[in-house]
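**Student:** Starting off with a structure, shown below.
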Amino acid sequence: MTAQPRPSDRPAEFLTIAEAAARYHVSRDYIRHCIVDGSLPAVRSGRRIIRVNSRDLERLFRPVQSMRSLKC
């Protein structure tokens, strides 16, 4: 039996700005804004090709705790 790879063990997946926007149902302009303000790291290959790491994208869109879960 082989062990399931942990999330940190999976290979990096790089997405285009359009793919990143589609994954979280936001605009491409929002993704670009996050790159410009530094909240979303990105890599450039050549003059026009920009990619974002899917792990960085997951960190940007983290789950929000509800107020109900905070009450004990």
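By convention in this document, the chains of the structure tokens carry letters A, B, ... by their order, each chain's residues are numbered from 1, and ligands are numbered from 1 in the order they are shown.
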Quick one: residues within 8 Å of range 31-42 of chain A, only C-alpha atoms, excluding same-chain residues fewer than 2 positions away - as a short mmCIF file (atom, residue, chain, number, x, y, z; two decimals) with N, CA, C and O atoms, in the first residue's frame?
**Tutor:**
data_model
loop_
_atom_site.label_atom_id
_atom_site.label_comp_id
_atom_site.auth_asym_id
_atom_site.auth_seq_id
_atom_site.Cartn_x
_atom_site.Cartn_y
_atom_site.Cartn_z
N ILE A 17 -3.45 33.70 -15.06
CA ILE A 17 -4.32 34.62 -14.33
C ILE A 17 -5.78 34.26 -14.57
O ILE A 17 -6.60 34.24 -13.65
N ALA A 20 -6.66 31.09 -12.58
CA ALA A 20 -6.76 31.41 -11.16
C ALA A 20 -8.07 32.12 -10.86
O ALA A 20 -8.75 31.81 -9.88
N ALA A 21 -8.44 33.06 -11.70
CA ALA A 21 -9.70 33.79 -11.52
C ALA A 21 -10.90 32.85 -11.64
O ALA A 21 -11.83 32.93 -10.84
N VAL A 26 -13.57 34.86 -9.39
CA VAL A 26 -13.29 36.29 -9.25
C VAL A 26 -12.81 36.81 -10.60
O VAL A 26 -12.57 36.04 -11.52
N SER A 27 -12.65 38.11 -10.70
CA SER A 27 -12.21 38.68 -11.98
C SER A 27 -10.70 38.56 -12.15
O SER A 27 -9.95 38.44 -11.17
N ARG A 28 -10.27 38.62 -13.39
CA ARG A 28 -8.84 38.62 -13.69
C ARG A 28 -8.20 39.88 -13.11
O ARG A 28 -7.06 39.85 -12.65
N ASP A 29 -8.93 40.98 -13.13
CA ASP A 29 -8.41 42.23 -12.56
C ASP A 29 -8.14 42.08 -11.06
O ASP A 29 -7.18 42.64 -10.54
N ARG A 44 7.11 35.39 -13.60
CA ARG A 44 7.03 35.84 -14.98
C ARG A 44 8.00 35.02 -15.81
O ARG A 44 9.12 34.74 -15.41
N ILE A 50 2.60 35.30 -17.19
CA ILE A 50 2.59 35.39 -15.73
C ILE A 50 1.82 34.19 -15.21
O ILE A 50 0.74 33.86 -15.71
N ARG A 51 2.38 33.55 -14.19
CA ARG A 51 1.75 32.39 -13.58
C ARG A 51 1.73 32.55 -12.07
O ARG A 51 2.61 33.17 -11.48
N VAL A 52 0.72 31.96 -11.44
CA VAL A 52 0.64 31.94 -9.98
C VAL A 52 0.61 30.49 -9.52
O VAL A 52 0.04 29.63 -10.19
N ASN A 53 1.23 30.25 -8.39
CA ASN A 53 1.27 28.92 -7.82
C ASN A 53 -0.08 28.64 -7.17
O ASN A 53 -0.61 29.48 -6.43
N ASP A 56 -0.17 29.16 -3.38
CA ASP A 56 -0.27 30.57 -2.97
C ASP A 56 -1.70 31.07 -3.14
O ASP A 56 -2.19 31.85 -2.32
N LEU A 57 -2.36 30.60 -4.17
CA LEU A 57 -3.75 30.98 -4.41
C LEU A 57 -4.64 30.44 -3.30
O LEU A 57 -5.53 31.14 -2.81
N LEU A 60 -4.34 32.60 -0.28
CA LEU A 60 -5.04 33.87 -0.44
C LEU A 60 -6.52 33.71 -0.12
O LEU A 60 -7.12 34.55 0.53
#
**Student:** Report the residues of chain A whose backbone DSSP state falls under strand (DSSP E or B), written as a list in words.
**Tutor:**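 Selecting the strand (DSSP E or B) positions of chain A gives Phe14, Leu15, Val43, Arg44, Ser45, Ile49, Ile50, Arg51, Val52 and Asn53 of chain A.
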**Student:** What does the distance between CA of Glu13 in chain A and CA of Gln65 in chain A come to in Å, to one decimal place?
**Tutor:** 26.9 Å
**Student:** Identify all residues of chain A in alpha helix (DSSP H) (DSSP on the backbone) and supply them as a list in words.
**Tutor:** Ile17, Ala18, Glu19, Ala20, Ala21, Ala22, Arg23, Tyr24, Arg28, Asp29, Tyr30, Ile31, Arg32, His33, Cys34, Ile35, Val36, Ser54, Arg55, Asp56, Leu57, Glu58, Arg59, Leu60, Met67, Arg68, Ser69 and Leu70 of chain A
**Student:** With N, CA, C and O atoms retained, could you export that selection as an mmCIF file, in the first residue's frame?
**Tutor:**
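Result written to out_29.cif:
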data_model
loop_
_atom_site.group_PDB
_atom_site.id
_atom_site.type_symbol
_atom_site.label_atom_id
_atom_site.label_comp_id
_atom_site.auth_asym_id
_atom_site.auth_seq_id
_atom_site.Cartn_x
_atom_site.Cartn_y
_atom_site.Cartn_z
ATOM 1 N N ILE A 17 -3.447 33.705 -15.057
ATOM 2 C CA ILE A 17 -4.321 34.622 -14.327
ATOM 3 C C ILE A 17 -5.784 34.259 -14.573
ATOM 4 O O ILE A 17 -6.595 34.244 -13.648
ATOM 5 N N ALA A 18 -6.117 33.921 -15.802
ATOM 6 C CA ALA A 18 -7.501 33.554 -16.134
ATOM 7 C C ALA A 18 -7.913 32.270 -15.411
ATOM 8 O O ALA A 18 -9.040 32.178 -14.899
ATOM 9 N N GLU A 19 -7.030 31.277 -15.352
ATOM 10 C CA GLU A 19 -7.345 30.030 -14.653
ATOM 11 C C GLU A 19 -7.518 30.260 -13.159
ATOM 12 O O GLU A 19 -8.423 29.705 -12.531
ATOM 13 N N ALA A 20 -6.660 31.091 -12.577
ATOM 14 C CA ALA A 20 -6.756 31.410 -11.158
ATOM 15 C C ALA A 20 -8.074 32.121 -10.858
ATOM 16 O O ALA A 20 -8.746 31.814 -9.876
ATOM 17 N N ALA A 21 -8.443 33.056 -11.704
ATOM 18 C CA ALA A 21 -9.697 33.792 -11.515
ATOM 19 C C ALA A 21 -10.896 32.855 -11.640
ATOM 20 O O ALA A 21 -11.832 32.935 -10.839
ATOM 21 N N ALA A 22 -10.863 31.963 -12.599
ATOM 22 C CA ALA A 22 -11.976 31.028 -12.800
ATOM 23 C C ALA A 22 -12.096 30.056 -11.632
ATOM 24 O O ALA A 22 -13.209 29.700 -11.230
ATOM 25 N N ARG A 23 -10.977 29.644 -11.064
ATOM 26 C CA ARG A 23 -10.996 28.672 -9.962
ATOM 27 C C ARG A 23 -11.743 29.223 -8.749
ATOM 28 O O ARG A 23 -12.461 28.497 -8.068
ATOM 29 N N TYR A 24 -11.614 30.520 -8.480
ATOM 30 C CA TYR A 24 -12.265 31.121 -7.318
ATOM 31 C C TYR A 24 -13.393 32.083 -7.688
ATOM 32 O O TYR A 24 -13.880 32.817 -6.828
ATOM 33 N N ARG A 28 -10.272 38.616 -13.392
ATOM 34 C CA ARG A 28 -8.839 38.622 -13.687
ATOM 35 C C ARG A 28 -8.197 39.882 -13.114
ATOM 36 O O ARG A 28 -7.056 39.848 -12.648
ATOM 37 N N ASP A 29 -8.931 40.984 -13.128
ATOM 38 C CA ASP A 29 -8.410 42.234 -12.555
ATOM 39 C C ASP A 29 -8.142 42.083 -11.062
ATOM 40 O O ASP A 29 -7.179 42.641 -10.541
ATOM 41 N N TYR A 30 -8.981 41.345 -10.350
ATOM 42 C CA TYR A 30 -8.762 41.121 -8.921
ATOM 43 C C TYR A 30 -7.460 40.342 -8.694
ATOM 44 O O TYR A 30 -6.666 40.688 -7.812
ATOM 45 N N ILE A 31 -7.223 39.312 -9.496
ATOM 46 C CA ILE A 31 -5.993 38.526 -9.384
ATOM 47 C C ILE A 31 -4.788 39.416 -9.682
ATOM 48 O O ILE A 31 -3.790 39.393 -8.960
ATOM 49 N N ARG A 32 -4.888 40.235 -10.730
ATOM 50 C CA ARG A 32 -3.790 41.148 -11.059
ATOM 51 C C ARG A 32 -3.522 42.128 -9.912
ATOM 52 O O ARG A 32 -2.383 42.416 -9.589
ATOM 53 N N HIS A 33 -4.588 42.651 -9.305
ATOM 54 C CA HIS A 33 -4.450 43.582 -8.182
ATOM 55 C C HIS A 33 -3.727 42.898 -7.013
ATOM 56 O O HIS A 33 -2.849 43.502 -6.389
ATOM 57 N N CYS A 34 -4.072 41.658 -6.725
ATOM 58 C CA CYS A 34 -3.422 40.924 -5.641
ATOM 59 C C CYS A 34 -1.941 40.705 -5.931
ATOM 60 O O CYS A 34 -1.112 40.739 -5.019
ATOM 61 N N ILE A 35 -1.598 40.497 -7.205
ATOM 62 C CA ILE A 35 -0.198 40.343 -7.587
ATOM 63 C C ILE A 35 0.543 41.663 -7.395
ATOM 64 O O ILE A 35 1.624 41.711 -6.811
ATOM 65 N N VAL A 36 -0.056 42.753 -7.850
ATOM 66 C CA VAL A 36 0.583 44.072 -7.757
ATOM 67 C C VAL A 36 0.772 44.500 -6.301
ATOM 68 O O VAL A 36 1.832 45.013 -5.934
ATOM 69 N N SER A 54 -0.629 27.458 -7.395
ATOM 70 C CA SER A 54 -1.944 27.126 -6.844
ATOM 71 C C SER A 54 -1.927 27.118 -5.319
ATOM 72 O O SER A 54 -2.933 27.446 -4.684
ATOM 73 N N ARG A 55 -0.796 26.774 -4.702
ATOM 74 C CA ARG A 55 -0.704 26.792 -3.231
ATOM 75 C C ARG A 55 -0.805 28.215 -2.694
ATOM 76 O O ARG A 55 -1.462 28.457 -1.679
ATOM 77 N N ASP A 56 -0.169 29.161 -3.384
ATOM 78 C CA ASP A 56 -0.270 30.566 -2.974
ATOM 79 C C ASP A 56 -1.697 31.066 -3.139
ATOM 80 O O ASP A 56 -2.193 31.847 -2.320
ATOM 81 N N LEU A 57 -2.356 30.603 -4.174
ATOM 82 C CA LEU A 57 -3.749 30.984 -4.411
ATOM 83 C C LEU A 57 -4.642 30.442 -3.296
ATOM 84 O O LEU A 57 -5.529 31.140 -2.808
ATOM 85 N N GLU A 58 -4.389 29.207 -2.857
ATOM 86 C CA GLU A 58 -5.169 28.621 -1.760
ATOM 87 C C GLU A 58 -4.973 29.413 -0.475
ATOM 88 O O GLU A 58 -5.914 29.584 0.300
ATOM 89 N N ARG A 59 -3.752 29.898 -0.239
ATOM 90 C CA ARG A 59 -3.500 30.697 0.963
ATOM 91 C C ARG A 59 -4.230 32.034 0.904
ATOM 92 O O ARG A 59 -4.663 32.554 1.925
ATOM 93 N N LEU A 60 -4.336 32.598 -0.285
ATOM 94 C CA LEU A 60 -5.036 33.870 -0.442
ATOM 95 C C LEU A 60 -6.524 33.706 -0.121
ATOM 96 O O LEU A 60 -7.124 34.547 0.531
ATOM 97 N N MET A 67 -19.251 32.790 13.042
ATOM 98 C CA MET A 67 -19.412 33.206 14.443
ATOM 99 C C MET A 67 -20.009 32.068 15.258
ATOM 100 O O MET A 67 -19.752 31.942 16.436
ATOM 101 N N ARG A 68 -20.809 31.232 14.643
ATOM 102 C CA ARG A 68 -21.411 30.093 15.367
ATOM 103 C C ARG A 68 -20.342 29.135 15.851
ATOM 104 O O ARG A 68 -20.473 28.561 16.937
ATOM 105 N N SER A 69 -19.307 28.911 15.047
ATOM 106 C CA SER A 69 -18.270 27.961 15.459
ATOM 107 C C SER A 69 -17.403 28.525 16.587
ATOM 108 O O SER A 69 -16.748 27.771 17.287
ATOM 109 N N LEU A 70 -17.408 29.842 16.772
ATOM 110 C CA LEU A 70 -16.628 30.449 17.842
ATOM 111 C C LEU A 70 -17.335 30.380 19.188
ATOM 112 O O LEU A 70 -16.694 30.424 20.229
#
